[in-house]
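S.K.: Structure supplied as structure-v5.txt; contents: compact mmCIF, C-alpha atoms and all ligand atoms.
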# COMPACT_ATOMS: atom_id res chain seq x y z
CA MET A 1 16.46 17.57 15.16
CA ARG A 2 18.28 14.26 15.76
CA CYS A 3 16.24 11.77 13.81
CA LEU A 4 16.74 8.02 13.50
CA VAL A 5 15.55 6.70 10.14
CA THR A 6 14.63 3.03 10.58
CA SER A 7 14.13 0.29 7.96
CA ALA A 8 16.35 2.52 5.83
CA ARG A 9 17.42 1.42 2.37
CA PRO A 10 20.07 3.22 0.28
CA TYR A 11 17.35 4.99 -1.74
CA ASP A 12 15.83 6.42 1.49
CA GLN A 13 19.22 7.82 2.41
CA GLN A 14 19.71 9.31 -1.06
CA PHE A 15 16.36 11.15 -1.20
CA LEU A 16 16.22 12.20 2.48
CA ASN A 17 19.79 13.54 2.54
CA ALA A 18 19.12 15.57 -0.60
CA ALA A 19 15.89 17.03 0.85
CA ASN A 20 17.47 17.69 4.24
CA GLY A 21 20.36 19.81 3.02
CA GLY A 22 22.03 19.39 6.43
CA ARG A 23 19.19 20.98 8.46
CA HIS A 24 18.56 17.97 10.70
CA GLU A 25 20.88 15.24 11.96
CA LEU A 26 19.66 12.13 10.16
CA VAL A 27 21.02 8.73 11.17
CA PHE A 28 20.06 5.76 8.97
CA VAL A 29 19.72 2.16 10.19
CA GLU A 30 18.37 -0.91 8.40
CA THR A 31 16.88 -2.19 11.67
CA VAL A 32 13.12 -2.75 11.58
CA LEU A 33 11.54 -0.92 14.50
CA ASN A 34 9.23 -2.90 16.81
CA ALA A 35 8.79 -3.69 20.50
CA ASP A 36 12.01 -5.80 20.50
CA THR A 37 14.20 -3.23 18.77
CA ALA A 38 12.72 0.01 20.18
CA PHE A 39 15.75 0.38 22.51
CA ILE A 40 17.78 1.68 19.51
CA ALA A 41 15.82 4.95 19.78
CA GLN A 42 17.85 6.01 22.84
CA GLY A 43 19.08 9.56 22.24
CA TYR A 44 16.74 10.38 19.34
CA PRO A 45 13.79 12.72 19.98
CA ALA A 46 12.54 11.97 16.45
CA LEU A 47 12.14 8.72 14.55
CA CYS A 48 11.36 8.20 10.88
CA PRO A 49 9.73 4.76 10.40
CA PHE A 50 8.43 3.02 7.27
CA VAL A 51 5.44 0.70 6.81
CA ASP A 52 7.31 -2.44 7.89
CA ASP A 53 8.08 -0.92 11.32
CA THR A 54 5.49 -1.88 13.96
CA LEU A 55 4.71 0.84 16.47
CA ASP A 56 2.26 -0.91 18.76
CA ALA A 57 1.50 0.04 22.37
CA ASN A 58 4.54 -1.93 23.65
CA ALA A 59 7.00 -0.33 21.24
CA LEU A 60 5.55 3.13 21.93
CA GLY A 61 5.83 2.57 25.70
CA THR A 62 9.57 1.92 25.30
CA LEU A 63 9.99 4.90 22.96
CA ALA A 64 8.22 7.20 25.43
CA ARG A 65 10.55 6.06 28.22
CA LEU A 66 13.55 6.75 25.97
CA GLY A 67 12.37 10.29 25.25
CA THR A 68 10.92 9.97 21.73
CA ARG A 69 8.66 12.96 21.01
CA LEU A 70 8.01 12.67 17.30
CA LEU A 71 7.36 10.03 14.63
CA VAL A 72 7.60 11.25 11.04
CA LEU A 73 6.18 8.41 8.96
CA ARG A 74 7.54 7.92 5.44
CA SER A 75 4.09 6.80 4.32
CA THR A 76 0.49 7.85 3.83
CA GLY A 77 -0.95 4.80 5.63
CA PHE A 78 -0.58 4.78 9.42
CA ASN A 79 -2.13 1.42 10.32
CA HIS A 80 1.28 0.29 11.66
CA VAL A 81 1.10 2.89 14.47
CA ASP A 82 -1.20 2.69 17.50
CA ILE A 83 -2.34 6.31 17.33
CA PRO A 84 -4.27 6.37 20.68
CA ALA A 85 -1.20 4.87 22.44
CA ALA A 86 1.11 7.46 20.83
CA GLU A 87 -1.25 10.22 21.95
CA ALA A 88 -1.41 8.82 25.50
CA HIS A 89 2.42 8.94 25.62
CA GLY A 90 2.53 12.48 24.21
CA ILE A 91 4.31 11.34 21.03
CA THR A 92 3.36 13.40 17.96
CA VAL A 93 2.78 11.38 14.76
CA MET A 94 3.09 13.02 11.34
CA ARG A 95 2.80 11.41 7.92
CA VAL A 96 3.10 12.16 4.23
CA ARG A 97 -0.56 12.90 3.58
CA ASN A 98 -0.17 13.64 -0.11
CA TYR A 99 2.31 12.15 -2.47
CA SER A 100 2.04 11.15 -6.07
CA PRO A 101 -1.27 9.25 -6.19
CA TYR A 102 -0.29 8.58 -9.82
CA ALA A 103 2.52 6.24 -8.71
CA VAL A 104 0.07 3.80 -7.10
CA ALA A 105 -2.79 4.31 -9.57
CA GLU A 106 -0.52 3.74 -12.58
CA TYR A 107 0.92 0.65 -10.89
CA ALA A 108 -2.58 -0.76 -10.33
CA VAL A 109 -3.23 -0.36 -14.08
CA GLY A 110 0.12 -2.07 -14.71
CA LEU A 111 -1.01 -5.08 -12.68
CA MET A 112 -4.36 -5.16 -14.53
CA LEU A 113 -2.64 -5.15 -17.94
CA THR A 114 0.01 -7.68 -16.86
CA LEU A 115 -2.66 -10.15 -15.77
CA ASN A 116 -5.09 -9.45 -18.59
CA ARG A 117 -2.48 -9.71 -21.38
CA HIS A 118 -0.32 -12.32 -19.56
CA LEU A 119 2.82 -10.17 -19.83
CA HIS A 120 4.42 -12.07 -16.93
CA LYS A 121 4.17 -15.31 -18.92
CA ALA A 122 5.09 -13.76 -22.28
CA TYR A 123 8.27 -12.28 -20.79
CA SER A 124 9.70 -15.66 -19.78
CA ARG A 125 8.30 -17.54 -22.78
CA VAL A 126 10.04 -15.32 -25.31
CA ARG A 127 13.32 -15.59 -23.40
CA ASP A 128 12.95 -19.38 -23.61
CA GLY A 129 12.49 -19.12 -27.37
CA ASN A 130 8.75 -19.90 -27.26
CA LEU A 131 6.85 -17.45 -29.45
CA LEU A 132 3.50 -19.25 -29.45
CA LEU A 133 0.46 -17.15 -28.51
CA ASP A 134 -1.54 -20.04 -27.08
CA GLY A 135 -2.73 -19.21 -23.57
CA LEU A 136 -1.99 -15.49 -23.91
CA LEU A 137 -5.46 -14.35 -25.02
CA GLY A 138 -6.63 -11.21 -23.22
CA PHE A 139 -9.55 -8.79 -23.45
CA ASP A 140 -9.95 -5.12 -24.42
CA MET A 141 -10.10 -2.88 -21.36
CA HIS A 142 -12.30 -0.54 -23.41
CA GLY A 143 -15.94 -1.02 -22.46
CA LYS A 144 -15.23 -3.27 -19.46
CA THR A 145 -16.60 -2.44 -16.01
CA VAL A 146 -14.01 -1.74 -13.32
CA GLY A 147 -15.04 -1.35 -9.67
CA ILE A 148 -12.94 1.02 -7.54
CA VAL A 149 -13.24 0.43 -3.81
CA GLY A 150 -12.19 3.71 -2.16
CA THR A 151 -12.12 6.86 -4.29
CA GLY A 152 -9.73 9.04 -2.31
CA LYS A 153 -6.58 10.43 -3.93
CA ILE A 154 -5.38 7.13 -5.45
CA GLY A 155 -8.82 5.79 -6.38
CA THR A 156 -9.61 9.08 -8.16
CA ALA A 157 -6.29 9.06 -10.07
CA LEU A 158 -7.10 5.49 -11.12
CA ALA A 159 -10.60 6.50 -12.23
CA ARG A 160 -9.10 9.18 -14.52
CA ILE A 161 -6.72 6.69 -16.20
CA LEU A 162 -9.41 4.03 -16.66
CA HIS A 163 -11.86 6.64 -17.94
CA GLY A 164 -9.25 7.49 -20.59
CA MET A 165 -9.09 3.80 -21.54
CA GLY A 166 -12.85 3.73 -22.10
CA CYS A 167 -13.79 1.61 -19.07
CA ARG A 168 -17.17 1.82 -17.36
CA LEU A 169 -16.54 2.78 -13.75
CA LEU A 170 -18.35 1.79 -10.58
CA ALA A 171 -17.20 2.91 -7.14
CA TYR A 172 -17.85 2.24 -3.50
CA ASP A 173 -16.84 4.76 -0.84
CA THR A 174 -18.38 6.00 2.40
CA ALA A 175 -17.73 9.54 1.10
CA PRO A 176 -18.38 9.77 -2.68
CA ASN A 177 -16.36 12.50 -4.38
CA SER A 178 -17.54 14.94 -7.01
CA ASP A 179 -14.39 14.68 -9.20
CA CYS A 180 -15.23 11.03 -9.80
CA GLN A 181 -18.92 11.74 -10.32
CA GLU A 182 -18.00 14.36 -12.96
CA LEU A 183 -16.02 11.66 -14.79
CA GLY A 184 -19.16 9.54 -14.89
CA VAL A 185 -18.19 7.16 -12.08
CA VAL A 186 -21.35 5.60 -10.61
CA TYR A 187 -21.40 5.03 -6.83
CA VAL A 188 -23.10 1.81 -5.80
CA SER A 189 -23.13 -0.54 -2.80
CA LEU A 190 -20.11 -2.83 -2.38
CA GLU A 191 -22.34 -5.82 -3.20
CA GLU A 192 -23.46 -4.27 -6.51
CA LEU A 193 -19.89 -3.23 -7.39
CA LEU A 194 -18.59 -6.76 -6.80
CA ALA A 195 -21.42 -8.36 -8.75
CA LYS A 196 -21.03 -6.11 -11.82
CA SER A 197 -17.26 -5.56 -12.14
CA ARG A 198 -14.90 -7.48 -14.44
CA ILE A 199 -12.01 -6.00 -12.41
CA VAL A 200 -12.06 -4.80 -8.79
CA SER A 201 -9.27 -2.58 -7.42
CA LEU A 202 -8.92 -1.87 -3.68
CA HIS A 203 -7.96 1.63 -2.49
CA VAL A 204 -9.48 1.99 1.00
CA PRO A 205 -7.13 2.37 3.98
CA LEU A 206 -6.73 -0.45 6.48
CA PHE A 207 -9.00 0.25 9.44
CA PRO A 208 -10.57 -2.29 11.83
CA GLU A 209 -13.76 -2.07 9.73
CA THR A 210 -11.93 -2.69 6.42
CA ARG A 211 -9.85 -5.67 7.67
CA HIS A 212 -10.89 -8.71 5.58
CA LEU A 213 -13.21 -6.53 3.53
CA MET A 214 -12.67 -9.19 0.88
CA ASN A 215 -13.65 -12.53 2.39
CA THR A 216 -15.38 -15.77 1.33
CA GLU A 217 -18.79 -14.12 1.07
CA ARG A 218 -17.49 -11.15 -0.94
CA PHE A 219 -15.51 -13.36 -3.35
CA ALA A 220 -18.72 -15.34 -3.98
CA GLN A 221 -20.45 -12.07 -4.99
CA MET A 222 -17.90 -11.50 -7.78
CA PRO A 223 -18.60 -13.01 -11.21
CA GLU A 224 -16.64 -16.10 -12.19
CA GLY A 225 -13.32 -15.17 -13.78
CA ALA A 226 -13.17 -11.67 -12.28
CA MET A 227 -9.85 -9.98 -11.50
CA LEU A 228 -8.90 -8.54 -8.10
CA ILE A 229 -6.13 -5.97 -7.59
CA ASN A 230 -4.80 -4.90 -4.18
CA THR A 231 -2.26 -2.08 -3.98
CA SER A 232 -3.59 -0.76 -0.66
CA ARG A 233 -2.91 -2.94 2.39
CA GLY A 234 -2.62 -6.74 2.66
CA PRO A 235 -5.11 -7.35 5.48
CA LEU A 236 -7.96 -5.93 3.35
CA ILE A 237 -8.02 -9.50 1.96
CA ASP A 238 -8.58 -12.71 3.91
CA THR A 239 -5.71 -14.72 2.40
CA SER A 240 -7.18 -18.19 3.17
CA ALA A 241 -10.45 -17.20 1.48
CA LEU A 242 -8.47 -15.81 -1.47
CA ILE A 243 -6.57 -19.08 -1.92
CA ALA A 244 -9.86 -21.02 -1.78
CA ALA A 245 -11.44 -18.71 -4.41
CA LEU A 246 -8.40 -19.27 -6.68
CA LYS A 247 -8.33 -23.05 -6.16
CA SER A 248 -12.03 -23.32 -7.03
CA ARG A 249 -11.24 -21.30 -10.21
CA HIS A 250 -13.86 -18.74 -9.20
CA LEU A 251 -11.43 -15.82 -9.33
CA GLY A 252 -9.80 -15.38 -12.74
CA ALA A 253 -6.74 -13.32 -11.81
CA VAL A 254 -5.23 -11.61 -8.77
CA GLY A 255 -2.60 -8.85 -8.58
CA LEU A 256 -1.15 -8.13 -5.16
CA ASP A 257 1.41 -5.45 -4.34
CA VAL A 258 0.67 -5.98 -0.65
CA TYR A 259 0.18 -9.14 1.39
CA GLU A 260 -1.57 -9.83 4.67
CA GLU A 261 1.55 -11.12 6.46
CA GLU A 262 4.10 -8.96 4.70
CA ALA A 263 5.76 -7.55 7.83
CA ASP A 264 8.37 -10.33 8.19
CA LEU A 265 8.72 -10.94 4.47
CA TYR A 266 8.79 -7.72 2.48
CA PHE A 267 11.71 -5.32 1.89
CA LYS A 268 14.20 -8.15 2.49
CA ASP A 269 16.18 -10.51 0.25
CA HIS A 270 15.19 -14.16 0.89
CA CYS A 271 17.07 -15.56 -2.13
CA ASP A 272 19.20 -17.94 -0.04
CA ASP A 273 16.56 -18.52 2.59
CA ILE A 274 13.57 -20.86 2.97
CA ILE A 275 10.32 -18.90 3.06
CA CYS A 276 8.14 -20.57 5.68
CA ASP A 277 4.93 -18.65 4.97
CA ASP A 278 2.94 -21.41 3.23
CA SER A 279 0.10 -19.13 2.16
CA PHE A 280 2.53 -16.79 0.41
CA GLU A 281 4.24 -19.73 -1.28
CA ARG A 282 0.85 -21.20 -2.31
CA LEU A 283 -0.16 -17.88 -3.87
CA LEU A 284 3.05 -17.88 -5.91
CA THR A 285 2.12 -21.23 -7.49
CA PHE A 286 -0.97 -19.88 -9.29
CA PRO A 287 -0.29 -18.94 -12.91
CA ASN A 288 -2.95 -16.22 -12.69
CA VAL A 289 -1.48 -14.45 -9.63
CA VAL A 290 1.15 -11.71 -9.79
CA ILE A 291 2.74 -10.60 -6.52
CA THR A 292 5.14 -7.70 -6.02
CA GLY A 293 6.86 -6.45 -2.87
CA HIS A 294 4.99 -3.23 -1.96
CA GLN A 295 6.56 -1.18 -4.73
CA ALA A 296 3.52 0.68 -6.10
CA PHE A 297 4.66 3.94 -4.47
CA PHE A 298 8.22 3.59 -5.74
CA THR A 299 8.72 6.33 -8.33
CA ARG A 300 11.25 9.17 -8.30
CA GLU A 301 8.47 11.71 -7.95
CA ALA A 302 6.88 9.94 -4.99
CA MET A 303 10.24 9.42 -3.23
CA GLN A 304 11.07 13.10 -3.72
CA THR A 305 7.75 14.22 -2.20
CA ILE A 306 8.03 11.72 0.67
CA ALA A 307 11.51 13.07 1.48
CA ASP A 308 10.53 16.76 1.15
CA THR A 309 7.42 16.30 3.30
CA THR A 310 9.30 14.31 5.94
CA ILE A 311 11.89 17.09 6.30
CA GLN A 312 9.09 19.71 6.33
CA ASN A 313 7.38 17.70 9.11
CA LEU A 314 10.61 17.81 11.16
CA ASP A 315 10.88 21.59 10.49
CA ASP A 316 7.24 22.21 11.51
CA PHE A 317 7.47 20.18 14.71
CA ASN A 318 10.76 21.88 15.61
CA ALA A 319 9.17 25.30 15.05
CA GLY A 320 6.08 24.33 17.11
CA LYS A 321 3.79 24.70 14.06
CA ASP A 322 0.63 22.63 13.61
CA SER A 323 0.34 20.75 10.34
CA PRO A 324 -2.37 18.88 8.42
CA ASN A 325 0.14 16.01 8.31
CA ARG A 326 -0.24 15.49 12.04
CA ILE A 327 -2.37 12.43 12.85
CA THR A 328 -4.59 12.58 15.91
CA THR A 329 -7.21 10.06 17.04
CA HIS A 330 -9.81 12.58 15.92
CA ARG A 331 -8.33 13.02 12.41
CA ALA A 332 -7.59 9.28 12.09
CA ALA A 333 -11.28 8.55 12.61
CA HIS A 334 -12.31 10.84 9.72
P1 LIG B 401 -7.31 8.57 0.84
O1 LIG B 401 -7.43 8.80 2.30
O2 LIG B 401 -7.14 9.74 -0.09
O3 LIG B 401 -8.59 7.74 0.32
C1 LIG B 401 -9.16 6.67 1.03
C2 LIG B 401 -10.64 6.60 0.63
O4 LIG B 401 -11.19 5.46 1.29
C3 LIG B 401 -11.45 7.83 1.06
O5 LIG B 401 -12.18 8.32 -0.02
C4 LIG B 401 -12.36 7.29 2.17
O6 LIG B 401 -13.64 7.92 2.20
C5 LIG B 401 -12.49 5.82 1.77
N1 LIG B 401 -12.85 4.96 2.90
C6 LIG B 401 -12.32 4.95 4.14
N2 LIG B 401 -12.89 3.99 4.89
C7 LIG B 401 -13.80 3.38 4.10
C8 LIG B 401 -14.71 2.31 4.31
N3 LIG B 401 -14.81 1.70 5.49
N4 LIG B 401 -15.51 1.94 3.27
C9 LIG B 401 -15.43 2.58 2.08
N5 LIG B 401 -14.58 3.60 1.83
C10 LIG B 401 -13.78 3.99 2.83
O7 LIG B 401 -6.10 7.55 0.68
P2 LIG B 401 -5.19 7.31 -0.62
O8 LIG B 401 -4.07 8.30 -0.61
O9 LIG B 401 -6.05 7.20 -1.82
O10 LIG B 401 -4.53 5.90 -0.25
C11 LIG B 401 -5.32 4.74 -0.07
C12 LIG B 401 -4.50 3.65 0.57
O11 LIG B 401 -3.49 3.21 -0.36
C13 LIG B 401 -3.66 4.10 1.79
O12 LIG B 401 -4.44 4.07 2.97
C14 LIG B 401 -2.54 3.10 1.83
O13 LIG B 401 -2.92 2.02 2.65
C15 LIG B 401 -2.44 2.60 0.38
N6 LIG B 401 -1.15 2.96 -0.25
C16 LIG B 401 -0.39 1.95 -0.77
C17 LIG B 401 0.82 2.23 -1.38
C18 LIG B 401 1.69 1.17 -2.01
O14 LIG B 401 2.86 1.42 -2.30
N7 LIG B 401 1.20 -0.04 -2.29
C19 LIG B 401 1.27 3.56 -1.43
C20 LIG B 401 0.44 4.57 -0.91
C21 LIG B 401 -0.76 4.26 -0.31
If you convert what's in this file into structure tokens, what do you get?
Ligand code: NAD
M.R.:
Amino acid sequence: MRCLVTSARPYDQQFLNAANGGRHELVFVETVLNADTAFIAQGYPALCPFVDDTLDANALGTLARLGTRLLVLRSTGFNHVDIPAAEAHGITVMRVRNYSPYAVAEYAVGLMLTLNRHLHKAYSRVRDGNLLLDGLLGFDMHGKTVGIVGTGKIGTALARILHGMGCRLLAYDTAPNSDCQELGVVYVSLEELLAKSRIVSLHVPLFPETRHLMNTERFAQMPEGAMLINTSRGPLIDTSALIAALKSRHLGAVGLDVYEEEADLYFKDHCDDIICDDSFERLLTFPNVVITGHQAFFTREAMQTIADTTIQNLDDFNAGKDSPNRITTHRAAH
């Protein structure tokens, strides 16, 4: 198939070309796909967007007029695509349902350890010749209670790692899973999880009902000094409420790989630019906040699986085969 790969970085090209082996005609552009740029899809029955592309009803309307029939998402999350609108236009949407959950789970642990042991500060201190330990005191993870919000593939992989570190594990999920229960994870209400956890890590998808899951009221339910980690999707957290909870010193540490307004900011170099997002800039001023640019997925293994699955999705669509990677309004709701 002729497939336009949007928001493409050199690493996308490298992994997708290797997986493709010349089967499909892949064209790579850096352009971010949205309602204003959708005209670039002219002549491509298939598009391969990433999470910073916005496929809302307007963009999909243009794509449908231009003859787009397939979107193969290079992601698990699909909150950037209006699935009912795609369905109404007869555009098939496929995603990478399963790829290394370890990449994201291990990264979440990395953020926890960075914040707990102040590795971000130690790194620059030592380079400046300051080898004092003052201000770098952390705590043993062993024996601490960690609350996992969402125990799907990533939440379960995280539970296994933290179990190995000797943490007590609480979880909240609308569909508890037996793998976690066998590990000794205890399912509780979100309120109880927030009240009892030293660290809370978010792993639910972004749905209308999970938007601002963490808000003023929920922050108040967390104990003073607690740590919050978000490697899922930015809008799970109400950023203004987060800033207030940090300014009041109620929250002890925050690790964010995703940010509520990341669409215009992430996956770009702003080194010589002025960033005008004041909330983002405010978050960067806190010594107990670590922010990264949506890189939790970014391991060789995950990139390989994303590329292989994307090419397989093109193959399956081309051959008229159904696939569990196809997203429908019915599947999206479950
Ligand atoms: P998954 O579908 O396997 O698990 C999601 C879990 O959330 C399920 O167990 C589900 O029952 C639960 N859930 C759904 N709605 C809920 C609700 N309202 N309340 C409580 N629980 C709810 O997904 P996954 O593969 O574990 O991925 C989780 C999320 O991680 C993705 O949706 C994506 O947004 C994010 N992600 C981020 C990165 C990154 O690089 N930062 C990479 C991959 C995935």
S.K.: Please return as a PyMOL selection string every residue within 12 Å of (10.1, 8.5, -1.5), taking into account only C-alpha atoms and the file's own coordinates.
M.R.: chain A and resi 8-19+50+73-76+96+98-100+103+295-311
S.K.: Any idea what the distance is between CA of Tyr187 (chain A) and CA of Ala245 (chain A)?
M.R.: 25.9 Å
S.K.: List as a PyMOL selection string the protein and nucleic acid residues lying within 9 Å of ligand LIG 401 (chain B), with only C-alpha atoms and all ligand atoms counted.
M.R.: chain A and resi 75-79+97-101+103-105+107-108+149-157+172-177+190+202-210+213+230-234+256-258+293-298+334
S.K.: Just how far from CA of Leu119 (chain A) is CA of Asp134 (chain A), in Å to one decimal?
M.R.: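 For CA of Asp134 (chain A) relative to CA of Leu119 (chain A), the distance reads 13.0 Å.
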S.K.: What does the structure give for the distance between CA of Ser323 (chain A) and CA of Phe28 (chain A), in Å to one decimal?
M.R.: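 We find that CA of Ser323 (chain A) and CA of Phe28 (chain A) lie 24.8 Å from each other.
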S.K.: Point out the residue among A:Asp322, A:Asp53, A:Asp316, A:Glu30 with the least atom-to-atom distance to Met1 (chain A), counting only C-alpha atoms.
M.R.: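 Of the candidates, the smallest distance to Met1 (chain A) is held by A:Asp316.
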S.K.: So which residues touch His163 (chain A) within 10 Å, counting all atoms listed in the file, skipping near sequence neighbours fewer than 3 positions away, as a list in words?
M.R.: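 Non-adjacent residues within range: His142, Gly143, Val146, Ala157, Leu158, Ala159, Arg160, Gly166, Cys167, Arg168, Leu169, Cys180, Leu183, Gly184 and Val185 of chain A.
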S.K.: As a PyMOL selection string, please: the residues near Gly61 (chain A) (cut-off 12 Å, only C-alpha atoms, same-chain neighbours under 4 positions excluded).
M.R.: chain A and resi 34-36+38-39+41+55-57+65-69+82+84-91
